[in-house]
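work12.cif (mmCIF, C-alpha atoms)
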```cif
data_entry
loop_
_atom_site.label_atom_id
_atom_site.label_comp_id
_atom_site.auth_asym_id
_atom_site.auth_seq_id
_atom_site.Cartn_x
_atom_site.Cartn_y
_atom_site.Cartn_z
CA MET A 1 -60.22 -8.67 15.30
CA THR A 2 -62.00 -9.17 18.61
CA ALA A 3 -65.63 -8.23 19.29
CA SER A 4 -64.48 -5.49 21.66
CA GLU A 5 -62.34 -3.94 18.90
CA THR A 6 -65.31 -4.02 16.53
CA THR A 7 -67.46 -2.32 19.15
CA THR A 8 -64.82 0.36 19.61
CA ASP A 9 -64.76 1.01 15.87
CA VAL A 10 -68.53 1.37 15.71
CA ALA A 11 -68.71 3.56 18.80
CA GLY A 12 -65.90 5.76 17.51
CA ALA A 13 -67.48 5.97 14.03
CA ALA A 14 -64.31 4.66 12.37
CA LEU A 15 -65.18 4.08 8.74
CA LEU A 16 -61.71 2.87 7.80
CA ARG A 17 -58.82 1.52 9.84
CA THR A 18 -55.49 0.06 8.78
CA GLU A 19 -53.33 -1.98 11.11
CA GLY A 20 -49.63 -2.51 10.41
CA LEU A 21 -50.23 -1.98 6.70
CA THR A 22 -47.00 -2.63 4.81
CA LYS A 23 -45.99 -2.83 1.15
CA GLN A 24 -42.53 -3.79 0.00
CA PHE A 25 -41.36 -3.79 -3.61
CA GLY A 26 -38.15 -5.81 -3.64
CA GLY A 27 -35.77 -3.86 -1.41
CA LEU A 28 -38.01 -0.78 -1.30
CA MET A 29 -40.30 -0.36 1.70
CA ALA A 30 -42.99 1.86 0.16
CA VAL A 31 -45.45 1.66 3.07
CA ASP A 32 -44.09 0.70 6.47
CA ASP A 33 -46.35 -0.50 9.30
CA VAL A 34 -49.03 2.17 8.85
CA ASP A 35 -51.85 2.46 11.36
CA LEU A 36 -54.49 4.82 10.02
CA ARG A 37 -57.96 5.60 11.31
CA ILE A 38 -60.52 7.58 9.30
CA GLU A 39 -63.66 8.70 11.08
CA SER A 40 -66.97 8.72 9.26
CA GLY A 41 -67.63 12.21 7.85
CA ASP A 42 -63.99 13.28 7.92
CA ILE A 43 -62.05 15.04 5.17
CA ARG A 44 -58.57 13.67 5.77
CA CYS A 45 -55.66 15.00 3.74
CA LEU A 46 -52.58 12.85 3.25
CA ILE A 47 -49.43 14.87 2.62
CA GLY A 48 -45.71 14.24 2.49
CA PRO A 49 -42.65 14.49 0.25
CA ASN A 50 -42.50 12.76 -3.12
CA GLY A 51 -41.87 9.07 -2.62
CA ALA A 52 -43.38 9.04 0.87
CA GLY A 53 -45.77 6.19 -0.04
CA LYS A 54 -49.00 8.18 -0.29
CA SER A 55 -50.33 6.78 -3.57
CA THR A 56 -49.25 3.27 -2.62
CA LEU A 57 -51.18 3.55 0.64
CA LEU A 58 -54.36 4.55 -1.21
CA LYS A 59 -53.96 1.67 -3.65
CA LEU A 60 -53.62 -0.73 -0.72
CA ILE A 61 -56.79 0.65 0.84
CA VAL A 62 -58.82 0.43 -2.36
CA GLY A 63 -57.50 -3.06 -3.18
CA GLN A 64 -55.47 -2.30 -6.29
CA LEU A 65 -52.36 -3.59 -4.50
CA GLU A 66 -52.01 -6.47 -2.06
CA PRO A 67 -50.19 -5.68 1.19
CA SER A 68 -46.98 -7.42 2.15
CA ALA A 69 -48.30 -7.37 5.73
CA GLY A 70 -51.06 -5.80 7.77
CA GLN A 71 -54.82 -5.47 7.49
CA VAL A 72 -57.51 -3.10 6.24
CA PHE A 73 -60.77 -2.77 8.15
CA TYR A 74 -63.90 -1.11 6.80
CA ARG A 75 -66.83 -0.53 9.13
CA GLY A 76 -65.09 -2.87 11.56
CA GLU A 77 -64.87 -5.72 9.05
CA ASP A 78 -61.59 -7.11 7.73
CA ILE A 79 -61.57 -6.42 3.96
CA THR A 80 -57.88 -7.19 3.37
CA ASP A 81 -58.69 -10.11 1.08
CA LEU A 82 -61.55 -8.45 -0.81
CA SER A 83 -61.03 -7.56 -4.47
CA GLN A 84 -61.05 -3.96 -5.68
CA HIS A 85 -64.50 -4.57 -7.23
CA ASP A 86 -65.91 -6.00 -4.00
CA ARG A 87 -64.54 -3.05 -2.02
CA ALA A 88 -66.26 -0.71 -4.46
CA ARG A 89 -69.52 -2.54 -3.85
CA GLU A 90 -68.96 -2.01 -0.12
CA GLY A 91 -68.73 1.75 -0.69
CA LEU A 92 -65.06 2.54 -1.44
CA SER A 93 -64.21 4.50 -4.57
CA MET A 94 -61.04 6.15 -5.86
CA LYS A 95 -59.95 8.77 -8.36
CA PHE A 96 -56.37 8.14 -9.39
CA GLN A 97 -53.65 10.73 -9.92
CA VAL A 98 -53.76 10.70 -13.73
CA PRO A 99 -57.25 11.21 -15.20
CA ALA A 100 -58.49 7.91 -16.64
CA VAL A 101 -61.53 9.11 -18.55
CA TYR A 102 -62.53 7.46 -21.81
CA GLY A 103 -61.37 10.15 -24.21
CA ASP A 104 -63.31 9.04 -27.29
CA LEU A 105 -66.59 8.83 -25.37
CA SER A 106 -68.82 11.71 -24.42
CA VAL A 107 -69.00 13.07 -20.92
CA ARG A 108 -72.43 11.41 -20.54
CA GLN A 109 -71.11 8.06 -21.73
CA ASN A 110 -68.22 8.25 -19.26
CA VAL A 111 -70.59 8.64 -16.32
CA HIS A 112 -72.86 5.93 -17.75
CA ILE A 113 -70.06 3.36 -17.37
CA PRO A 114 -69.87 3.19 -13.53
CA LEU A 115 -73.66 3.47 -13.21
CA GLN A 116 -74.75 0.88 -15.78
CA ARG A 117 -74.38 -2.18 -13.55
CA GLU A 118 -75.99 -0.64 -10.50
CA VAL A 119 -78.80 1.60 -11.76
CA SER A 120 -81.89 0.51 -13.71
CA ARG A 121 -82.33 1.62 -17.31
CA ARG A 122 -85.39 3.56 -16.23
CA ASP A 123 -83.42 5.64 -13.72
CA ILE A 124 -79.98 5.90 -15.27
CA ASP A 125 -80.51 9.03 -17.37
CA ALA A 126 -81.76 10.96 -14.33
CA GLU A 127 -78.81 9.69 -12.27
CA ILE A 128 -76.34 10.78 -14.94
CA ASP A 129 -77.92 14.23 -15.18
CA GLU A 130 -77.80 14.64 -11.40
CA THR A 131 -74.15 13.60 -11.27
CA LEU A 132 -73.12 15.93 -14.09
CA GLU A 133 -75.05 18.82 -12.61
CA SER A 134 -73.26 18.34 -9.29
CA PHE A 135 -69.96 19.00 -11.05
CA ASP A 136 -71.22 21.71 -13.44
CA LEU A 137 -70.72 19.41 -16.41
CA LEU A 138 -74.29 19.04 -17.64
CA ASP A 139 -73.75 21.54 -20.46
CA GLU A 140 -70.78 19.40 -21.57
CA ALA A 141 -72.74 16.12 -21.60
CA GLY A 142 -72.30 15.60 -25.34
CA THR A 143 -68.64 16.70 -25.45
CA ARG A 144 -65.88 14.14 -26.04
CA ALA A 145 -63.92 13.74 -22.83
CA ASP A 146 -60.67 14.42 -24.70
CA ASP A 147 -62.02 17.82 -25.72
CA LEU A 148 -62.56 18.96 -22.13
CA ALA A 149 -60.17 21.32 -20.40
CA HIS A 150 -57.76 19.67 -17.95
CA GLY A 151 -59.74 20.80 -14.91
CA GLN A 152 -62.99 19.52 -16.40
CA GLN A 153 -61.38 16.13 -17.07
CA GLN A 154 -60.37 15.97 -13.41
CA TRP A 155 -63.92 16.87 -12.36
CA LEU A 156 -65.36 14.27 -14.73
CA GLU A 157 -63.27 11.56 -13.14
CA ILE A 158 -64.28 12.68 -9.66
CA ALA A 159 -67.90 12.61 -10.88
CA MET A 160 -67.40 9.05 -12.16
CA ALA A 161 -65.89 7.97 -8.82
CA ALA A 162 -68.72 9.69 -6.91
CA ALA A 163 -71.56 8.54 -9.16
CA LEU A 164 -72.51 5.57 -6.99
CA ASP A 165 -72.52 7.62 -3.78
CA PRO A 166 -69.56 5.92 -2.07
CA ASP A 167 -69.21 6.16 1.67
CA LEU A 168 -65.45 6.66 1.32
CA LEU A 169 -63.91 8.45 -1.66
CA LEU A 170 -60.13 8.44 -2.15
CA LEU A 171 -58.73 11.24 -4.30
CA ASP A 172 -55.13 11.23 -5.50
CA GLU A 173 -54.06 14.82 -6.24
CA PRO A 174 -57.45 16.04 -7.51
CA ALA A 175 -56.17 19.62 -8.02
CA ALA A 176 -52.94 18.73 -9.84
CA GLY A 177 -52.22 21.06 -12.75
CA MET A 178 -55.20 23.29 -12.06
CA SER A 179 -55.41 27.07 -12.05
CA VAL A 180 -56.20 28.90 -8.82
CA GLN A 181 -59.83 29.25 -9.89
CA GLU A 182 -60.13 25.58 -10.83
CA THR A 183 -58.53 24.58 -7.53
CA GLU A 184 -61.04 26.68 -5.62
CA ARG A 185 -63.90 25.04 -7.50
CA THR A 186 -62.47 21.60 -6.76
CA ALA A 187 -62.47 22.49 -3.06
CA GLU A 188 -66.16 23.42 -3.41
CA TYR A 189 -66.90 20.01 -4.94
CA VAL A 190 -65.06 18.26 -2.11
CA HIS A 191 -67.16 20.12 0.45
CA ARG A 192 -70.36 19.35 -1.45
CA LEU A 193 -69.54 15.65 -1.42
CA ASN A 194 -68.77 15.79 2.28
CA ASP A 195 -72.06 17.60 2.94
CA ARG A 196 -73.78 14.68 1.19
CA GLY A 197 -72.23 12.31 3.72
CA VAL A 198 -69.16 11.19 1.78
CA THR A 199 -65.97 10.68 3.80
CA LEU A 200 -62.86 11.69 1.86
CA LEU A 201 -59.18 10.75 1.99
CA VAL A 202 -57.27 13.15 -0.24
CA ILE A 203 -53.63 13.20 -1.36
CA GLU A 204 -52.53 16.70 -2.29
CA HIS A 205 -49.30 18.71 -2.58
CA ASP A 206 -50.96 22.13 -2.80
CA ILE A 207 -50.92 23.25 0.83
CA ASP A 208 -53.41 26.04 0.13
CA PHE A 209 -55.85 23.45 -1.19
CA VAL A 210 -55.21 21.25 1.84
CA ARG A 211 -55.86 24.22 4.11
CA SER A 212 -59.17 24.90 2.35
CA ILE A 213 -60.60 21.39 2.75
CA ALA A 214 -58.84 19.41 5.50
CA GLN A 215 -60.54 18.55 8.76
CA SER A 216 -57.50 16.50 9.70
CA VAL A 217 -54.09 15.80 8.18
CA THR A 218 -51.76 12.80 8.14
CA VAL A 219 -48.12 13.28 7.11
CA LEU A 220 -46.27 10.35 5.57
CA HIS A 221 -42.49 10.23 5.41
CA GLN A 222 -40.46 7.30 4.07
CA GLY A 223 -43.56 5.10 4.17
CA GLU A 224 -44.37 5.81 7.82
CA VAL A 225 -46.89 8.03 9.59
CA PHE A 226 -44.78 11.00 10.63
CA ALA A 227 -47.42 13.26 12.18
CA GLU A 228 -51.19 13.72 12.48
CA GLY A 229 -53.36 16.62 13.53
CA THR A 230 -55.25 19.65 12.31
CA ILE A 231 -53.78 21.69 9.48
CA ASP A 232 -52.72 24.36 11.99
CA GLU A 233 -50.94 21.78 14.15
CA ILE A 234 -49.22 20.30 11.12
CA GLU A 235 -48.08 23.66 9.76
CA ASP A 236 -46.77 24.65 13.20
CA ASP A 237 -44.71 21.46 13.54
CA PRO A 238 -41.05 22.35 12.80
CA GLU A 239 -40.18 18.76 11.86
CA VAL A 240 -43.03 18.65 9.32
CA ARG A 241 -41.87 21.96 7.87
CA ARG A 242 -38.38 20.52 7.60
CA ILE A 243 -39.30 17.35 5.72
CA TYR A 244 -42.27 18.64 3.73
CA LEU A 245 -41.86 22.35 3.25
CA GLY A 246 -38.07 22.24 2.95
CA GLU A 247 -37.39 24.55 5.88
CA GLY A 248 -34.47 24.31 8.26
CA HIS A 249 -31.93 23.09 5.71
#
```

Would you put the structure from the file into structure tokens?
Amino acid sequence: MTASETTTDVAGAALLRTEGLTKQFGGLMAVDDVDLRIESGDIRCLIGPNGAGKSTLLKLIVGQLEPSAGQVFYRGEDITDLSQHDRAREGLSMKFQVPAVYGDLSVRQNVHIPLQREVSRRDIDAEIDETLESFDLLDEAGTRADDLAHGQQQWLEIAMAAALDPDLLLLDEPAAGMSVQETERTAEYVHRLNDRGVTLLVIEHDIDFVRSIAQSVTVLHQGEVFAEGTIDEIEDDPEVRRIYLGEGH
């Protein structure tokens, strides 16, 4: 990337940018030449039909998958070759679609795991308490993760991903399987994180949830960026309604 491109990224507050990002599995083109730009402070929702490539795109960004082609830039720096661990150290974190909490460990022990390498022994208990309190889980600190309700397990994993105060947090369907009340609370947590300065990229199928959090929306279809805009612009787009909401058939 040229110096002028780096300057543009900084001036435009682009926290993350992908250029021609592509992932092919055999004959399947899961992500196809995606250019994505996430501004610092944004809550970007990524929507699209099943199989559109949304989860694959997030895994490429976080470094869990290697791209077949294209690049990932973070704060104007090319991080395409960085490991998932190194990207996390740079400030990228992700909560995956299926909760991956440690079921036999307590809620407190789960949050201890991401913090233990980065926070001193003297400070770690206070950091854990602060993290759990942020997600209304402090009263459950001694509870086995497997004994939590589904929504609480989702919140625990978000808490684990957010524990180190990432600059960019990727959430893959954080409200999946939740009740209306749990979904509303999840939206509150997303806004709280954003108010703390965390930029979020969120995959979600629940359009009401998207409407409640999104500052901007990207629609993926067959691995490609199909549309971008505000939630109102996206919902008013007849082609988006056709491919995503099933209208016009």

List the residues selected by the PyMOL selection byres ((chain A and resi 166-174) around 8) in the file shown, writing them as a VMD selection string.
-> chain A and resid 15 55 58 88 91 to 97 154 158 161 to 165 175 to 176 186 197 to 205

Using the chain letters and numbers from the file, which residues does the PyMOL selection byres ((chain A and resi 16-30) around 10) grab, as a tab-separated table (two decimals) with C-alpha atoms, keeping the file's coordinate frame?
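Contents of expr.tsv, as written:
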```tsv
chain	number	residue	atom	x	y	z
A	9	ASP	CA	-64.76	1.01	15.87
A	13	ALA	CA	-67.48	5.97	14.03
A	14	ALA	CA	-64.31	4.66	12.37
A	15	LEU	CA	-65.18	4.08	8.74
A	31	VAL	CA	-45.45	1.66	3.07
A	32	ASP	CA	-44.09	0.70	6.47
A	33	ASP	CA	-46.35	-0.50	9.30
A	34	VAL	CA	-49.03	2.17	8.85
A	35	ASP	CA	-51.85	2.46	11.36
A	36	LEU	CA	-54.49	4.82	10.02
A	37	ARG	CA	-57.96	5.60	11.31
A	38	ILE	CA	-60.52	7.58	9.30
A	39	GLU	CA	-63.66	8.70	11.08
A	40	SER	CA	-66.97	8.72	9.26
A	51	GLY	CA	-41.87	9.07	-2.62
A	52	ALA	CA	-43.38	9.04	0.87
A	53	GLY	CA	-45.77	6.19	-0.04
A	54	LYS	CA	-49.00	8.18	-0.29
A	55	SER	CA	-50.33	6.78	-3.57
A	56	THR	CA	-49.25	3.27	-2.62
A	57	LEU	CA	-51.18	3.55	0.64
A	60	LEU	CA	-53.62	-0.73	-0.72
A	61	ILE	CA	-56.79	0.65	0.84
A	65	LEU	CA	-52.36	-3.59	-4.50
A	66	GLU	CA	-52.01	-6.47	-2.06
A	67	PRO	CA	-50.19	-5.68	1.19
A	68	SER	CA	-46.98	-7.42	2.15
A	69	ALA	CA	-48.30	-7.37	5.73
A	70	GLY	CA	-51.06	-5.80	7.77
A	71	GLN	CA	-54.82	-5.47	7.49
A	72	VAL	CA	-57.51	-3.10	6.24
A	73	PHE	CA	-60.77	-2.77	8.15
A	74	TYR	CA	-63.90	-1.11	6.80
A	75	ARG	CA	-66.83	-0.53	9.13
A	76	GLY	CA	-65.09	-2.87	11.56
A	77	GLU	CA	-64.87	-5.72	9.05
A	78	ASP	CA	-61.59	-7.11	7.73
A	80	THR	CA	-57.88	-7.19	3.37
A	92	LEU	CA	-65.06	2.54	-1.44
A	168	LEU	CA	-65.45	6.66	1.32
A	199	THR	CA	-65.97	10.68	3.80
A	221	HIS	CA	-42.49	10.23	5.41
A	222	GLN	CA	-40.46	7.30	4.07
A	223	GLY	CA	-43.56	5.10	4.17
A	224	GLU	CA	-44.37	5.81	7.82
```

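Evaluating the PyMOL selection byres ((chain A and resi 43) around 6) against the shown model yields Asp42, Arg44, Leu200, Ala214 and Gln215 of chain A.
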
So how many Å separate atom CA of Asp237 of chain A and atom CA of Cys45 of chain A, to one decimal?
->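 The value is 16.1 Å.
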
What is the distance between atom CA of Arg122 of chain A and atom CA of Asp139 of chain A, in Å to one decimal?
->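 Taking atom CA of Arg122 of chain A as the start and atom CA of Asp139 of chain A as the end point, the length is 21.8 Å.
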
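Pairwise distance (atom CA of Ala149 of chain A, atom CA of Asp208 of chain A) equals 22.1 Å.
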
Using only C-alpha atoms, pick whichever of A:Arg121, A:His191, A:His150, A:Arg242 has the shortest atom-to-atom distance to Ser179 of chain A.
->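 Checking each candidate against Ser179 of chain A, we get A:His150 as the closest.
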
Return the single residue from A:Ser216, A:Gln109, A:Asn194, A:Thr143 that is closest to Ile124 of chain A, with distances computed using all atoms listed in the file.
-> A:Gln109

Mind checking which residues fall within 12 Å of Glu127 of chain A, counting all atoms listed in the file, ignoring those fewer than 2 positions away in the same chain, and posting them as a list in words?
->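 The filter keeps Arg108, Val111, His112, Ile113, Pro114, Leu115, Gln116, Glu118, Val119, Ser120, Arg121, Arg122, Asp123, Ile124, Asp125, Asp129, Glu130, Thr131, Leu132, Glu133, Ser134, Leu138, Ala159, Met160, Ala162, Ala163, Leu164 and Asp165 of chain A.
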
So that I can check the surroundings of Val217 of chain A, please list as a compact mmCIF listing (two decimals) with C-alpha atoms, in the coordinates of the input every protein, DNA and RNA residue that reaches within 8 Å of it, counting only C-alpha atoms and ignoring chain neighbours fewer than 3 positions away.
```
# COMPACT_ATOMS: atom_id res chain seq x y z
CA ARG A 44 -58.57 13.67 5.77
CA CYS A 45 -55.66 15.00 3.74
CA LEU A 46 -52.58 12.85 3.25
CA ILE A 47 -49.43 14.87 2.62
CA ALA A 214 -58.84 19.41 5.50
CA GLU A 228 -51.19 13.72 12.48
CA GLY A 229 -53.36 16.62 13.53
CA THR A 230 -55.25 19.65 12.31
CA ILE A 231 -53.78 21.69 9.48
CA ILE A 234 -49.22 20.30 11.12
```

Please extract segment 182-208 of chain A and write it out with N, CA and C atoms, as a PDB file, in the first residue's frame.
```pdb
ATOM      1  N   GLU A 182     -33.934 -11.009  26.003  1.00  0.00           N
ATOM      2  CA  GLU A 182     -32.487 -11.232  25.955  1.00  0.00           C
ATOM      3  C   GLU A 182     -31.865 -10.494  24.772  1.00  0.00           C
ATOM      4  N   THR A 183     -32.570 -10.484  23.651  1.00  0.00           N
ATOM      5  CA  THR A 183     -32.074  -9.767  22.473  1.00  0.00           C
ATOM      6  C   THR A 183     -31.962  -8.279  22.754  1.00  0.00           C
ATOM      7  N   GLU A 184     -32.953  -7.722  23.433  1.00  0.00           N
ATOM      8  CA  GLU A 184     -32.906  -6.306  23.781  1.00  0.00           C
ATOM      9  C   GLU A 184     -31.732  -6.011  24.705  1.00  0.00           C
ATOM     10  N   ARG A 185     -31.467  -6.904  25.640  1.00  0.00           N
ATOM     11  CA  ARG A 185     -30.337  -6.695  26.545  1.00  0.00           C
ATOM     12  C   ARG A 185     -29.019  -6.797  25.781  1.00  0.00           C
ATOM     13  N   THR A 186     -28.945  -7.726  24.834  1.00  0.00           N
ATOM     14  CA  THR A 186     -27.736  -7.848  24.023  1.00  0.00           C
ATOM     15  C   THR A 186     -27.473  -6.559  23.249  1.00  0.00           C
ATOM     16  N   ALA A 187     -28.530  -5.952  22.726  1.00  0.00           N
ATOM     17  CA  ALA A 187     -28.385  -4.666  22.033  1.00  0.00           C
ATOM     18  C   ALA A 187     -27.839  -3.612  22.991  1.00  0.00           C
ATOM     19  N   GLU A 188     -28.286  -3.625  24.243  1.00  0.00           N
ATOM     20  CA  GLU A 188     -27.761  -2.681  25.240  1.00  0.00           C
ATOM     21  C   GLU A 188     -26.259  -2.894  25.442  1.00  0.00           C
ATOM     22  N   TYR A 189     -25.836  -4.155  25.517  1.00  0.00           N
ATOM     23  CA  TYR A 189     -24.417  -4.436  25.711  1.00  0.00           C
ATOM     24  C   TYR A 189     -23.593  -3.962  24.515  1.00  0.00           C
ATOM     25  N   VAL A 190     -24.129  -4.154  23.311  1.00  0.00           N
ATOM     26  CA  VAL A 190     -23.433  -3.679  22.111  1.00  0.00           C
ATOM     27  C   VAL A 190     -23.245  -2.158  22.174  1.00  0.00           C
ATOM     28  N   HIS A 191     -24.281  -1.445  22.551  1.00  0.00           N
ATOM     29  CA  HIS A 191     -24.179   0.002  22.647  1.00  0.00           C
ATOM     30  C   HIS A 191     -23.214   0.425  23.751  1.00  0.00           C
ATOM     31  N   ARG A 192     -23.201  -0.299  24.859  1.00  0.00           N
ATOM     32  CA  ARG A 192     -22.265   0.028  25.937  1.00  0.00           C
ATOM     33  C   ARG A 192     -20.821  -0.127  25.467  1.00  0.00           C
ATOM     34  N   LEU A 193     -20.555  -1.224  24.758  1.00  0.00           N
ATOM     35  CA  LEU A 193     -19.212  -1.426  24.222  1.00  0.00           C
ATOM     36  C   LEU A 193     -18.827  -0.308  23.264  1.00  0.00           C
ATOM     37  N   ASN A 194     -19.749   0.066  22.401  1.00  0.00           N
ATOM     38  CA  ASN A 194     -19.488   1.133  21.444  1.00  0.00           C
ATOM     39  C   ASN A 194     -19.237   2.463  22.157  1.00  0.00           C
ATOM     40  N   ASP A 195     -19.993   2.715  23.219  1.00  0.00           N
ATOM     41  CA  ASP A 195     -19.791   3.942  23.999  1.00  0.00           C
ATOM     42  C   ASP A 195     -18.412   3.969  24.654  1.00  0.00           C
ATOM     43  N   ARG A 196     -17.845   2.779  24.900  1.00  0.00           N
ATOM     44  CA  ARG A 196     -16.498   2.679  25.468  1.00  0.00           C
ATOM     45  C   ARG A 196     -15.421   2.825  24.406  1.00  0.00           C
ATOM     46  N   GLY A 197     -15.817   2.984  23.149  1.00  0.00           N
ATOM     47  CA  GLY A 197     -14.851   3.179  22.085  1.00  0.00           C
ATOM     48  C   GLY A 197     -14.567   1.958  21.243  1.00  0.00           C
ATOM     49  N   VAL A 198     -15.336   0.882  21.446  1.00  0.00           N
ATOM     50  CA  VAL A 198     -15.145  -0.332  20.669  1.00  0.00           C
ATOM     51  C   VAL A 198     -15.918  -0.225  19.354  1.00  0.00           C
ATOM     52  N   THR A 199     -15.250  -0.492  18.251  1.00  0.00           N
ATOM     53  CA  THR A 199     -15.880  -0.604  16.946  1.00  0.00           C
ATOM     54  C   THR A 199     -16.365  -2.035  16.782  1.00  0.00           C
ATOM     55  N   LEU A 200     -17.569  -2.202  16.224  1.00  0.00           N
ATOM     56  CA  LEU A 200     -18.135  -3.556  16.132  1.00  0.00           C
ATOM     57  C   LEU A 200     -18.555  -3.890  14.708  1.00  0.00           C
ATOM     58  N   LEU A 201     -18.272  -5.136  14.322  1.00  0.00           N
ATOM     59  CA  LEU A 201     -18.757  -5.716  13.071  1.00  0.00           C
ATOM     60  C   LEU A 201     -19.577  -6.935  13.462  1.00  0.00           C
ATOM     61  N   VAL A 202     -20.886  -6.894  13.170  1.00  0.00           N
ATOM     62  CA  VAL A 202     -21.821  -7.856  13.729  1.00  0.00           C
ATOM     63  C   VAL A 202     -22.585  -8.570  12.619  1.00  0.00           C
ATOM     64  N   ILE A 203     -22.516  -9.906  12.601  1.00  0.00           N
ATOM     65  CA  ILE A 203     -23.382 -10.711  11.746  1.00  0.00           C
ATOM     66  C   ILE A 203     -24.672 -10.992  12.509  1.00  0.00           C
ATOM     67  N   GLU A 204     -25.793 -10.779  11.868  1.00  0.00           N
ATOM     68  CA  GLU A 204     -27.064 -11.076  12.538  1.00  0.00           C
ATOM     69  C   GLU A 204     -28.157 -11.283  11.511  1.00  0.00           C
ATOM     70  N   HIS A 205     -29.060 -12.242  11.788  1.00  0.00           N
ATOM     71  CA  HIS A 205     -30.213 -12.502  10.932  1.00  0.00           C
ATOM     72  C   HIS A 205     -31.459 -11.768  11.416  1.00  0.00           C
ATOM     73  N   ASP A 206     -31.515 -11.477  12.709  1.00  0.00           N
ATOM     74  CA  ASP A 206     -32.685 -10.823  13.295  1.00  0.00           C
ATOM     75  C   ASP A 206     -32.704  -9.347  12.876  1.00  0.00           C
ATOM     76  N   ILE A 207     -33.568  -9.011  11.940  1.00  0.00           N
ATOM     77  CA  ILE A 207     -33.565  -7.660  11.383  1.00  0.00           C
ATOM     78  C   ILE A 207     -33.976  -6.624  12.419  1.00  0.00           C
ATOM     79  N   ASP A 208     -34.789  -7.018  13.400  1.00  0.00           N
ATOM     80  CA  ASP A 208     -35.143  -6.085  14.474  1.00  0.00           C
ATOM     81  C   ASP A 208     -33.916  -5.750  15.310  1.00  0.00           C
TER      82      ASP A 208
END
```
